[in-house]
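*Asks:* Have a look at this one before I ask anything.
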Amino acid sequence: MTSKETGYKNNTEMLHFLIMSFLTLPAMFLYYFASFIWDVRQREKGNEMLIMIGIMIICLVLVIVALKRGNPGIIPVLIALIEIVVIIPENALRGNFNLGVTMWYAAGVLYIVTLIKGRIKYVLFAIEAVTAVVVHYMFYTNASGGTALAVTEYIAAYIAALMVCVMIIVMVEYEIYLQKTAVRDAEERRREIEELNMAQNRFFSSMSHEIRTPINTIIGFNEMILRDAVSEEVANDAENIKSASKILLSVINDILDMSKIESGQMEIVNEAYDVGEMLSEIVNMMWGRAHEKGIEFKLDIDPTLPGMLFGDEVRIKQILINLLNNAVKYTREGSITLSIHCEKKAGDKVKVIYSVEDTGMGIRRENIPYLFNAFRRVEDEKTRYIEGTGLGLSIVKQLTDLMGGEVSVNSIYTKGSTFTVSLEQEAAGEELLGEFDPKRIGNVHTEHRHHSRFEAPNARVLIVDDNRANLMVAVKLLKETQVQTVTAQSGAECLELTLESHYDAILMDHLMPEMDGIECLKSIREQAGGMCRETPVVVLTANAATEDQKMYKSAGFDGYLTKPVEPDRLEEMLAAVLPKDLIHNEGTDNDESENVDQIRRAGRKRALIITTDSVCDLPPRLLQSFKVPVLSYKVYTDTGIFTDGYEAEGDVMVRYMADTGRTARSRAPEVSDYENFFAEQLSYSQRIIHITMARGSSNGYANACEAARSFANVKVFDSGHLSSGMGLMVLTAAGMVDSGQTDPDVILDALLKKKERISTSFMVESTDYLYRGGRMPERINRLCTSLMIHPVISLKDSRMRISAAVIGGKERTRRQYMKRTFRDAGNIDRSILFITYAGMKKAELEEIKKEVSRMIIFDKVCIQKASPAISINCGPGSFGLIFARK
């Protein structure tokens with residue numbers, strides 16, 4: 001049993017002991033105390049109370065000792081003895097014979113049977129049975145007139161108490177037996193599952209090793225074909241073989257990783273790593289695949305990203321490669337963009353946001369919840385023939401979860417997808433990455449012709465592998481480096497060669513018969529008279545797991561290469577371990593510069609933007625200065641459909657309705673309009689907060705929320721207001737973003753508080769336009785017109801309501817409306833006031849502005865023309881006073 005299991009068992013026993021002790025001891029004491037009070041009232045002796053208090057204190061001290069020890073030990077036995085020898089007999093003799101005896105002996109038996117194990121339990125049962133005989137005998141002798149009938153009663157009572165106790169013992173023991181059986185069965189099942197998982201892992205590991213070995217041969221000899229001057233047809237066939245081999249290798253890796261994740265054996269190994277080098281490797285690998293399909297590859301790398309980070313580089317690289325592979329697979333034309341941004345946290349912590357955006361076929365909304373399920377692919381006619389196991393995204397999700405991060409997806413079917421992974425890491429230095437220049441990438445993509453990284457004609461390299469084909473592959477791959485290669489097919493042959501000659505480097509397979517690579521390495525290091533005791537040894541193995549890398553490192557290997565061997569990786573490793581004086585003409589491929597220029601730097605994304613609808617009624621210059629994108633409402637008339645603010649203005653629409661007597665209607669953007677709008681804006685920003693008009697005033701909020709379901713990083717906020725009241729909310733959020741706040745939750749909290757303080761109201765000049773828009777019944781419209789009633793419309797709980805009505809002529813009603821609105825002047829935030837109007841002349845507006853200044857002084861007064869969507873509902877001559885309260 002492990003220490004963890006022992007601790008859990010001790011904790012369970014301790015809890016059980018405490019529960020039983022605090023149930024039985026206080027109950028017995030209270031019963032005794034009640035009996036004592038009765039005795040005192042009956043003027044009987046009560047001196048035994050002090051003794052009983054002393055006994056209870058002793059029991060309490062024992063419980064405290066058990067608590068401090070953390071283990072009950074023998075203390076339950078001591079308490080049980082006190083109960084059955086002292087407390088229970090005393091309580092039984094003090095109580096009523098017919099009611100008390102059986103109850104207290106049953107309580108004692110329950111305490112013993114649930115807490116005490118082993119033979120001592122049965123000793124205690126025997127002691128309790130003897131004390132029960134003594135107690136009944138004392139009842140009998142103390143009773144008046146010991147007749148035969150009385151003897152029979154006491155014997156019957158004793159037998160009844162005995163039977164109840166036996167029943168309790170049998171029932172509790174049986175229940176304990178059932179629990180132990182259930183625990184034993186569960187433990188057996190757990191062991192079986194663990195053994196099954198271990199067997200599965202061994203199988204997958206063995207499968208990985210056995211498949212990698214022949215793939216190494218295939219890829220190696222295929223590389224030789226590509227290096228030779230062969231015809232274009234042969235070269236194309238060889239490229240297809242290479243591509244198919246890599247796909248097979250990818251499938252093997254996915255299955256192996258998924259197996260380890262599900263069995264809980266996947267470990268996250270955090271180490272300091274170079275961000276620039278990691279990105280170079282990823283771009284180096286993925287640009288070629290994108291280029292082959294004619295897809296543009298773009299980069300957007302935050303220059304404030306730390307140059308060194310502390311995290312699991314291998315798993316982060318795996319996540320990004322999986323996402324980029326998916327993007328390449330599902331994109332036929334267009335582009336793929338890799339974006340990496342950084343957010344500073346407390347101390348050296350940073351939140352790194354990786355996103356992969358493509359212009360591929362996208363994902364249907366109903367399929368998004370199943371994207372990260374293992375062994376499940378989202379298929380339709382367009383994706384059915386694309387290769388893949390359905391494990392890639394599941395592995396991304398599982399690895400992200402293991403590292404404490406988050407993964408999300410935004411997608412519009414037929415338009416493309418964006419996958420975003422957020423991981424918190426730690427800066428491993430103060431140096432920043434700076435501008436990431438693709439031209440500093442080591443080896444982006446070349447044609448078939450291979451150029452060796454170095455030449456070392458005087459270097460001697462020993463290659464050890466029990467597979468002859470693997471030896472041939474390694475020798476051929478190193479041919480262009482001109483190193484002198486010697487081969488051995490076993491550990492014993494290797495030791496013979498190292499005893500005879502010195503080698504500058506040794507490439508060693510791990511799994512070999514008779515003597516494996518680790519044993520051989522140990523023998524080389526300890527070989528008496530050996531000439532390679534200090535020679536660097538690189539393990540060349542088909543075991544690719546993280547724990548294998550740890551094992552080889554601890555075994556003393558100087559390097560680690562996995563099969564199938566990447567030619568460039570093999571040369572790079574040899575260049576690192578060979579003596580520098582033996583290496584000549586070290587360099588990289590010369591063809592990279594012309595290819596790397598084709599990697600475009602994508603436009604830098606903003607961390608967060610605020611977007612809104614055209615009904616926010618803000619001056620265009622303010623929207624532009626805060627860089628707030630706007631989605632337009634539509635205005636429907638008998639002559640056509642117009643875009644709010646672009647193809648139609650408020651005054652024009654009001655005049656059209658007045659001159660023709662026809663109606664016009666405004667309509668919020670459709671769900672598809674919001675989807676396209678969000679997708680476009682996410683090309684410029686990582687996250688969006690979209691602020692809509694009050695949900696009770698239009699369908700804008702509902703449609704935006706529905707569209708946002710396709711995007712994990714789009715949040716929709718109900719402003720609870722309309723017109724410039726909604727605009728004040730936009731200005732608040734945009735101002736926070738402009739000042740550097742990029743946390744959406746902080747901004748949303750601020751908006752919720754601001755929402756309650758904004759005052760939005762309009763005085764309607766003529767109710768006829770409300771009637772035409774279907775917002776007022778005909779009879780109410782007639783009544784208001786005949787009595788010169790002008791309703792004041794305000795917002796409450798995101799719904800429009802008539803909060804007041806003013807009666808009279810134009811001048812009088814406007815003054816009344818202003819007085820009523822500014823009556824609580826001391827509670828008004830005087831920083832800004834919007835006078836938002838529809839169909840009014842400049843002179844009228846100036847008069848309203850003067851009247852306002854007589855009542856209250858604002859720092860800034862903005863006279864804003866209402867949007868067509870607002871104007872056609874209010875009509876000409878209507879205006880609103882919009883501001884915030886303190």
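Please note that chains go A, B, ... in the order of the structure tokens, that every chain numbers its residues from 1, and that ligands are numbered from 1 in the order shown.
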Within 10 Å of region 726-730 of chain A, counting only C-alpha atoms, which residues qualify if same-chain residues fewer than 5 places away don't, as a PyMOL selection string?
*Replies:* chain A and resi 610-619+623+626+628+689-694+717-721+735+750-752+754-755+758+760+832-834+882-884
*Asks:* If DSSP is run on the backbone, what residues of region 613-860 of chain A are alpha helix (DSSP H)? A reply as number ranges by chain would be ideal.
*Replies:* A: 620-625, 650-660, 671-681, 700-708, 723-738, 744-755, 768-772, 778-786, 810-821, 842-855
*Asks:* For each of A:Asn197, A:Gln681, A:Ser871, A:Asn676, take the minimum atom-to-atom distance to Ser723 (chain A), counting only C-alpha atoms, then give the residue where this is smallest.
*Replies:* A:Ser871
*Asks:* May I ask for the distance between CA of Lys865 (chain A) and CA of Ser878 (chain A), given in Å to one decimal place?
*Replies:* 10.8 Å
*Asks:* In Å, rounded to a single decimal, give me how far CA of Asn325 (chain A) is from CA of Asn284 (chain A).
*Replies:*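 Atom-to-atom, CA of Asn284 (chain A) and CA of Asn325 (chain A) are spaced 13.0 Å apart.
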*Asks:* Rank nothing, just name the residue among A:Ser452, A:Ser231, A:Thr562, A:Thr24 nearest to Ile215 (chain A), using only C-alpha atoms.
*Replies:*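 Ranked by minimum distance to Ile215 (chain A), first place goes to A:Thr562.
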*Asks:* So which residues touch region 771-786 of chain A within 8 Å, counting only C-alpha atoms, skipping near sequence neighbours fewer than 2 positions away, as an MDAnalysis selection string?
*Replies:* chainID A and resid 663:665 766:769 788:790 872:873
*Asks:* Could you dump the residues just selected with all heavy atoms as a compact mmCIF listing (two decimals), in the first residue's frame?
*Replies:*
# COMPACT_ATOMS: atom_id res chain seq x y z
N THR A 663 -44.28 55.02 -45.32
CA THR A 663 -43.55 54.56 -44.13
C THR A 663 -42.15 54.08 -44.51
O THR A 663 -41.87 53.79 -45.68
CB THR A 663 -44.29 53.40 -43.44
OG1 THR A 663 -44.40 52.31 -44.36
CG2 THR A 663 -45.67 53.85 -42.98
N ALA A 664 -41.32 54.05 -43.52
CA ALA A 664 -39.97 53.48 -43.65
C ALA A 664 -39.68 52.68 -42.39
O ALA A 664 -40.16 53.01 -41.31
CB ALA A 664 -38.93 54.58 -43.84
N ARG A 665 -38.94 51.62 -42.56
CA ARG A 665 -38.65 50.74 -41.42
C ARG A 665 -37.14 50.51 -41.34
O ARG A 665 -36.46 50.42 -42.36
CB ARG A 665 -39.35 49.38 -41.56
CG ARG A 665 -40.85 49.48 -41.71
CD ARG A 665 -41.48 48.09 -41.85
NE ARG A 665 -40.79 47.23 -42.79
CZ ARG A 665 -40.97 47.28 -44.11
NH1 ARG A 665 -41.79 48.19 -44.63
NH2 ARG A 665 -40.32 46.45 -44.89
N SER A 766 -44.08 64.52 -32.76
CA SER A 766 -45.36 64.03 -33.29
C SER A 766 -45.42 62.53 -33.13
O SER A 766 -44.49 61.82 -33.56
CB SER A 766 -45.50 64.40 -34.76
OG SER A 766 -46.62 63.75 -35.33
N THR A 767 -46.50 62.03 -32.55
CA THR A 767 -46.65 60.58 -32.35
C THR A 767 -47.00 59.84 -33.63
O THR A 767 -47.06 58.62 -33.65
CB THR A 767 -47.72 60.30 -31.29
OG1 THR A 767 -48.95 60.92 -31.71
CG2 THR A 767 -47.31 60.84 -29.94
N ASP A 768 -47.23 60.61 -34.70
CA ASP A 768 -47.63 59.98 -35.96
C ASP A 768 -46.56 59.02 -36.46
O ASP A 768 -46.87 57.97 -37.04
CB ASP A 768 -47.90 61.08 -37.00
CG ASP A 768 -48.47 60.50 -38.29
OD1 ASP A 768 -49.46 59.73 -38.19
OD2 ASP A 768 -47.91 60.78 -39.37
N TYR A 769 -45.28 59.35 -36.22
CA TYR A 769 -44.20 58.49 -36.71
C TYR A 769 -44.06 57.23 -35.86
O TYR A 769 -43.68 56.16 -36.36
CB TYR A 769 -42.89 59.28 -36.73
CG TYR A 769 -42.88 60.33 -37.82
CD1 TYR A 769 -43.45 61.58 -37.59
CD2 TYR A 769 -42.35 60.06 -39.06
CE1 TYR A 769 -43.48 62.54 -38.59
CE2 TYR A 769 -42.37 61.01 -40.07
CZ TYR A 769 -42.94 62.26 -39.83
OH TYR A 769 -42.97 63.20 -40.83
N MET A 788 -52.42 67.70 -28.14
CA MET A 788 -51.06 68.26 -28.19
C MET A 788 -50.16 67.63 -27.10
O MET A 788 -49.43 68.31 -26.39
CB MET A 788 -51.08 69.79 -28.05
CG MET A 788 -51.84 70.49 -29.17
SD MET A 788 -51.88 72.27 -28.94
CE MET A 788 -50.17 72.68 -29.14
N ILE A 789 -50.27 66.30 -26.97
CA ILE A 789 -49.46 65.57 -26.00
C ILE A 789 -48.17 65.10 -26.68
O ILE A 789 -48.21 64.50 -27.75
CB ILE A 789 -50.23 64.35 -25.43
CG1 ILE A 789 -51.47 64.82 -24.67
CG2 ILE A 789 -49.32 63.51 -24.54
CD1 ILE A 789 -52.35 63.70 -24.20
N HIS A 790 -47.05 65.40 -26.03
CA HIS A 790 -45.74 64.99 -26.56
C HIS A 790 -45.12 64.00 -25.57
O HIS A 790 -44.69 64.40 -24.48
CB HIS A 790 -44.84 66.21 -26.72
CG HIS A 790 -45.42 67.29 -27.57
ND1 HIS A 790 -45.34 67.31 -28.93
CD2 HIS A 790 -46.17 68.38 -27.22
CE1 HIS A 790 -45.95 68.36 -29.41
NE2 HIS A 790 -46.49 69.03 -28.37
N ILE A 872 -36.56 57.82 -38.21
CA ILE A 872 -37.84 57.42 -38.79
C ILE A 872 -38.85 56.96 -37.74
O ILE A 872 -40.05 56.89 -38.02
CB ILE A 872 -37.64 56.30 -39.85
CG1 ILE A 872 -37.01 55.06 -39.22
CG2 ILE A 872 -36.81 56.79 -41.01
CD1 ILE A 872 -36.84 53.89 -40.17
N ASN A 873 -38.38 56.69 -36.54
CA ASN A 873 -39.30 56.31 -35.46
C ASN A 873 -39.74 57.51 -34.62
O ASN A 873 -40.80 57.49 -34.01
CB ASN A 873 -38.64 55.26 -34.56
CG ASN A 873 -38.57 53.89 -35.22
OD1 ASN A 873 -39.58 53.28 -35.52
ND2 ASN A 873 -37.36 53.42 -35.47
*Asks:* Contacts of Asp312 (chain A) at 9 Å or less, counting only C-alpha atoms, minus same-chain residues fewer than 4 places along, as number ranges by chain?
*Replies:* A: 268-273, 316-317, 403
*Asks:* Could you jot down the CA of Gly740 (chain A) to CA of Ile863 (chain A) separation for me, Å, one decimal place?
*Replies:*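 Separating CA of Gly740 (chain A) from CA of Ile863 (chain A) is a distance of 29.1 Å.
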*Asks:* When you look at Ala505 (chain A) with a cut-off of 9 Å (counting only C-alpha atoms), what residues show up, excluding the ones that are within fewer than 4 positions of it in the same chain? I need them as a list in words.
*Replies:*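 The contact residues come out as Ala459, Arg460, Val461, Leu462, Ile463, Cys532, Thr535, Pro536, Val537, Val538, Leu574, Val577 and Leu578 of chain A.
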*Asks:* Would you mind exporting the chosen residues as a short mmCIF file (atom, residue, chain, number, x, y, z; two decimals), in the first residue's frame, restricted to all heavy atoms?
*Replies:*
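Contents of part11.cif, as written:
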data_model
loop_
_atom_site.label_atom_id
_atom_site.label_comp_id
_atom_site.auth_asym_id
_atom_site.auth_seq_id
_atom_site.Cartn_x
_atom_site.Cartn_y
_atom_site.Cartn_z
N ALA A 459 37.25 13.00 -40.30
CA ALA A 459 36.49 12.53 -39.13
C ALA A 459 36.10 11.07 -39.33
O ALA A 459 35.72 10.65 -40.42
CB ALA A 459 35.25 13.38 -38.93
N ARG A 460 36.17 10.29 -38.25
CA ARG A 460 35.79 8.87 -38.29
C ARG A 460 34.56 8.67 -37.41
O ARG A 460 34.56 9.02 -36.22
CB ARG A 460 36.95 7.98 -37.81
CG ARG A 460 38.23 8.18 -38.61
CD ARG A 460 39.29 7.17 -38.22
NE ARG A 460 38.98 5.84 -38.74
CZ ARG A 460 39.00 4.72 -38.03
NH1 ARG A 460 39.26 4.78 -36.73
NH2 ARG A 460 38.74 3.56 -38.59
N VAL A 461 33.53 8.10 -38.00
CA VAL A 461 32.25 7.92 -37.31
C VAL A 461 31.89 6.43 -37.32
O VAL A 461 31.87 5.80 -38.38
CB VAL A 461 31.12 8.73 -37.96
CG1 VAL A 461 29.79 8.46 -37.28
CG2 VAL A 461 31.44 10.22 -37.92
N LEU A 462 31.59 5.89 -36.12
CA LEU A 462 31.17 4.50 -35.98
C LEU A 462 29.64 4.46 -35.85
O LEU A 462 29.08 5.16 -35.01
CB LEU A 462 31.82 3.87 -34.76
CG LEU A 462 31.38 2.44 -34.39
CD1 LEU A 462 31.71 1.46 -35.52
CD2 LEU A 462 32.04 2.00 -33.09
N ILE A 463 29.00 3.64 -36.70
CA ILE A 463 27.53 3.52 -36.69
C ILE A 463 27.19 2.11 -36.24
O ILE A 463 27.63 1.13 -36.84
CB ILE A 463 26.93 3.80 -38.07
CG1 ILE A 463 27.43 5.16 -38.60
CG2 ILE A 463 25.40 3.79 -38.02
CD1 ILE A 463 27.08 5.43 -40.05
N CYS A 532 37.80 4.79 -27.06
CA CYS A 532 36.67 5.70 -27.28
C CYS A 532 35.95 6.02 -25.97
O CYS A 532 34.74 6.28 -25.97
CB CYS A 532 35.68 5.08 -28.27
SG CYS A 532 36.35 4.85 -29.92
N THR A 535 34.72 9.47 -26.31
CA THR A 535 34.07 9.81 -27.59
C THR A 535 32.58 10.11 -27.37
O THR A 535 31.90 9.36 -26.67
CB THR A 535 34.21 8.64 -28.58
OG1 THR A 535 35.60 8.44 -28.84
CG2 THR A 535 33.49 8.94 -29.88
N PRO A 536 32.05 11.20 -27.97
CA PRO A 536 30.61 11.47 -27.86
C PRO A 536 29.79 10.38 -28.56
O PRO A 536 30.12 9.97 -29.67
CB PRO A 536 30.44 12.82 -28.55
CG PRO A 536 31.66 13.02 -29.38
CD PRO A 536 32.76 12.26 -28.71
N VAL A 537 28.76 9.91 -27.85
CA VAL A 537 27.90 8.85 -28.39
C VAL A 537 26.47 9.41 -28.51
O VAL A 537 25.91 9.91 -27.53
CB VAL A 537 27.90 7.61 -27.48
CG1 VAL A 537 27.01 6.52 -28.07
CG2 VAL A 537 29.32 7.09 -27.30
N VAL A 538 25.92 9.31 -29.71
CA VAL A 538 24.56 9.80 -29.99
C VAL A 538 23.65 8.59 -30.19
O VAL A 538 23.96 7.71 -31.00
CB VAL A 538 24.54 10.70 -31.23
CG1 VAL A 538 23.10 11.13 -31.56
CG2 VAL A 538 25.42 11.92 -31.03
N LEU A 574 25.81 15.79 -35.85
CA LEU A 574 27.22 15.44 -36.02
C LEU A 574 28.11 16.67 -35.95
O LEU A 574 29.19 16.66 -35.34
CB LEU A 574 27.43 14.73 -37.35
CG LEU A 574 27.36 13.19 -37.33
CD1 LEU A 574 27.70 12.63 -38.69
CD2 LEU A 574 28.31 12.62 -36.28
N VAL A 577 28.78 17.49 -32.31
CA VAL A 577 29.60 16.61 -31.45
C VAL A 577 31.00 16.36 -31.99
O VAL A 577 31.89 15.98 -31.22
CB VAL A 577 28.88 15.26 -31.20
CG1 VAL A 577 27.54 15.49 -30.51
CG2 VAL A 577 28.68 14.48 -32.50
N LEU A 578 31.21 16.55 -33.29
CA LEU A 578 32.54 16.32 -33.84
C LEU A 578 33.50 17.44 -33.41
O LEU A 578 33.08 18.58 -33.22
CB LEU A 578 32.49 16.27 -35.38
CG LEU A 578 31.94 14.99 -36.00
CD1 LEU A 578 31.81 15.16 -37.50
CD2 LEU A 578 32.82 13.78 -35.68
#
*Asks:* So that I can check the surroundings of region 744-749 of chain A, please list as number ranges by chain every protein, DNA and RNA residue that reaches within 9 Å of it, counting only C-alpha atoms and ignoring chain neighbours fewer than 5 positions away.
*Replies:* A: 608, 687-689, 715, 717, 732-733, 736-737, 754
*Asks:* Can I get the selected residues back with N, CA and C atoms, as an mmCIF file, in the first residue's frame?
*Replies:*
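And here's out.cif as it stands now:
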data_model
loop_
_atom_site.group_PDB
_atom_site.id
_atom_site.type_symbol
_atom_site.label_atom_id
_atom_site.label_comp_id
_atom_site.auth_asym_id
_atom_site.auth_seq_id
_atom_site.Cartn_x
_atom_site.Cartn_y
_atom_site.Cartn_z
ATOM 1 N N LEU A 608 -7.297 44.001 -28.747
ATOM 2 C CA LEU A 608 -8.743 44.078 -28.515
ATOM 3 C C LEU A 608 -9.284 45.311 -29.227
ATOM 4 N N ARG A 687 -9.337 39.966 -30.272
ATOM 5 C CA ARG A 687 -10.619 39.840 -29.575
ATOM 6 C C ARG A 687 -11.502 41.041 -29.879
ATOM 7 N N ILE A 688 -12.808 40.834 -29.702
ATOM 8 C CA ILE A 688 -13.782 41.884 -30.013
ATOM 9 C C ILE A 688 -14.792 41.985 -28.885
ATOM 10 N N ILE A 689 -15.136 43.223 -28.520
ATOM 11 C CA ILE A 689 -16.341 43.481 -27.717
ATOM 12 C C ILE A 689 -17.278 44.296 -28.599
ATOM 13 N N LYS A 715 -17.272 38.930 -27.765
ATOM 14 C CA LYS A 715 -18.257 39.112 -26.700
ATOM 15 C C LYS A 715 -19.218 40.224 -27.113
ATOM 16 N N PHE A 717 -22.220 42.875 -25.944
ATOM 17 C CA PHE A 717 -22.699 43.575 -24.748
ATOM 18 C C PHE A 717 -23.953 44.370 -25.088
ATOM 19 N N THR A 732 -16.879 54.874 -23.606
ATOM 20 C CA THR A 732 -16.279 54.374 -22.361
ATOM 21 C C THR A 732 -15.359 53.189 -22.639
ATOM 22 N N ALA A 733 -15.867 52.212 -23.395
ATOM 23 C CA ALA A 733 -15.073 51.012 -23.693
ATOM 24 C C ALA A 733 -13.874 51.344 -24.569
ATOM 25 N N MET A 736 -11.080 52.976 -22.636
ATOM 26 C CA MET A 736 -10.303 52.037 -21.826
ATOM 27 C C MET A 736 -9.291 51.284 -22.689
ATOM 28 N N VAL A 737 -9.719 50.864 -23.878
ATOM 29 C CA VAL A 737 -8.801 50.160 -24.782
ATOM 30 C C VAL A 737 -7.683 51.103 -25.207
ATOM 31 N N LYS A 754 -21.400 51.448 -15.722
ATOM 32 C CA LYS A 754 -21.726 52.664 -16.477
ATOM 33 C C LYS A 754 -23.158 52.631 -16.990
#
*Asks:* For Leu309 (chain A), work out the shell of residues within 10 Å, counting only C-alpha atoms and skipping chain neighbours fewer than 3 positions away, then give it as number ranges by chain.
*Replies:* A: 270-275, 305-306, 312-313, 348-350, 352, 425-429
*Asks:* Please produce a file of those selected residues containing N, CA, C and O atoms, as a compact mmCIF listing (two decimals), in the first residue's frame.
*Replies:*
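Result written to out24.txt:
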# COMPACT_ATOMS: atom_id res chain seq x y z
N ASN A 270 8.92 21.56 -18.40
CA ASN A 270 9.19 22.98 -18.61
C ASN A 270 10.68 23.27 -18.51
O ASN A 270 11.33 22.93 -17.52
N GLU A 271 11.20 23.88 -19.56
CA GLU A 271 12.60 24.28 -19.61
C GLU A 271 12.70 25.60 -20.36
O GLU A 271 11.80 25.98 -21.11
N ALA A 272 13.81 26.30 -20.16
CA ALA A 272 14.04 27.54 -20.90
C ALA A 272 14.31 27.21 -22.37
O ALA A 272 15.07 26.28 -22.67
N TYR A 273 13.67 27.92 -23.28
CA TYR A 273 13.88 27.67 -24.71
C TYR A 273 13.92 28.99 -25.47
O TYR A 273 13.38 30.00 -25.04
N ASP A 274 14.58 28.94 -26.62
CA ASP A 274 14.74 30.12 -27.48
C ASP A 274 13.52 30.23 -28.39
O ASP A 274 13.28 29.36 -29.23
N VAL A 275 12.77 31.31 -28.24
CA VAL A 275 11.53 31.49 -29.01
C VAL A 275 11.84 31.63 -30.49
O VAL A 275 11.16 31.05 -31.34
N LEU A 305 7.46 40.00 -27.44
CA LEU A 305 7.54 38.64 -26.91
C LEU A 305 8.94 38.41 -26.35
O LEU A 305 9.93 38.77 -26.99
N PRO A 306 9.07 37.83 -25.12
CA PRO A 306 10.41 37.55 -24.59
C PRO A 306 11.20 36.65 -25.52
O PRO A 306 10.64 35.73 -26.13
N ASP A 312 7.24 24.10 -22.04
CA ASP A 312 7.53 22.84 -22.72
C ASP A 312 7.61 23.11 -24.22
O ASP A 312 6.59 23.09 -24.92
N GLU A 313 8.80 23.37 -24.71
CA GLU A 313 8.97 23.73 -26.12
C GLU A 313 8.47 22.63 -27.05
O GLU A 313 7.83 22.91 -28.07
N ASP A 348 7.33 37.82 -13.67
CA ASP A 348 7.89 37.42 -14.97
C ASP A 348 6.89 36.65 -15.82
O ASP A 348 7.23 36.16 -16.90
N LYS A 349 5.67 36.52 -15.34
CA LYS A 349 4.66 35.75 -16.06
C LYS A 349 4.20 36.51 -17.31
O LYS A 349 4.03 37.72 -17.30
N VAL A 350 3.99 35.76 -18.38
CA VAL A 350 3.41 36.32 -19.61
C VAL A 350 2.36 35.35 -20.15
O VAL A 350 2.48 34.14 -19.96
N VAL A 352 1.01 34.05 -23.51
CA VAL A 352 1.32 34.01 -24.94
C VAL A 352 0.11 33.46 -25.68
O VAL A 352 -0.41 32.40 -25.34
N GLN A 425 3.22 31.43 -19.54
CA GLN A 425 4.60 30.96 -19.39
C GLN A 425 5.37 32.01 -18.59
O GLN A 425 4.83 33.02 -18.17
N GLU A 426 6.64 31.73 -18.42
CA GLU A 426 7.48 32.61 -17.63
C GLU A 426 8.65 33.09 -18.47
O GLU A 426 9.28 32.30 -19.18
N ALA A 427 8.90 34.40 -18.45
CA ALA A 427 10.05 34.94 -19.18
C ALA A 427 11.34 34.43 -18.55
O ALA A 427 11.52 34.49 -17.33
N ALA A 428 12.26 33.92 -19.38
CA ALA A 428 13.53 33.38 -18.88
C ALA A 428 14.68 34.35 -19.12
O ALA A 428 15.83 33.94 -19.26
N GLY A 429 14.36 35.61 -19.18
CA GLY A 429 15.38 36.64 -19.41
C GLY A 429 14.69 37.95 -19.75
O GLY A 429 13.49 37.99 -20.00
*Asks:* Rank nothing, just name the residue among A:Ala107, A:Met818, A:Ala866, A:Met472 nearest to Tyr837 (chain A), using only C-alpha atoms.
*Replies:*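 Using only C-alpha atoms, the shortest distance to Tyr837 (chain A) belongs to A:Ala866.
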*Asks:* Using only C-alpha atoms for the distances, tell me which of A:Cys59, A:Ile176, A:Ile353, A:Val314 is nearest to Ile301 (chain A).
*Replies:*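 Smallest distance to Ile301 (chain A) is found for A:Ile353.
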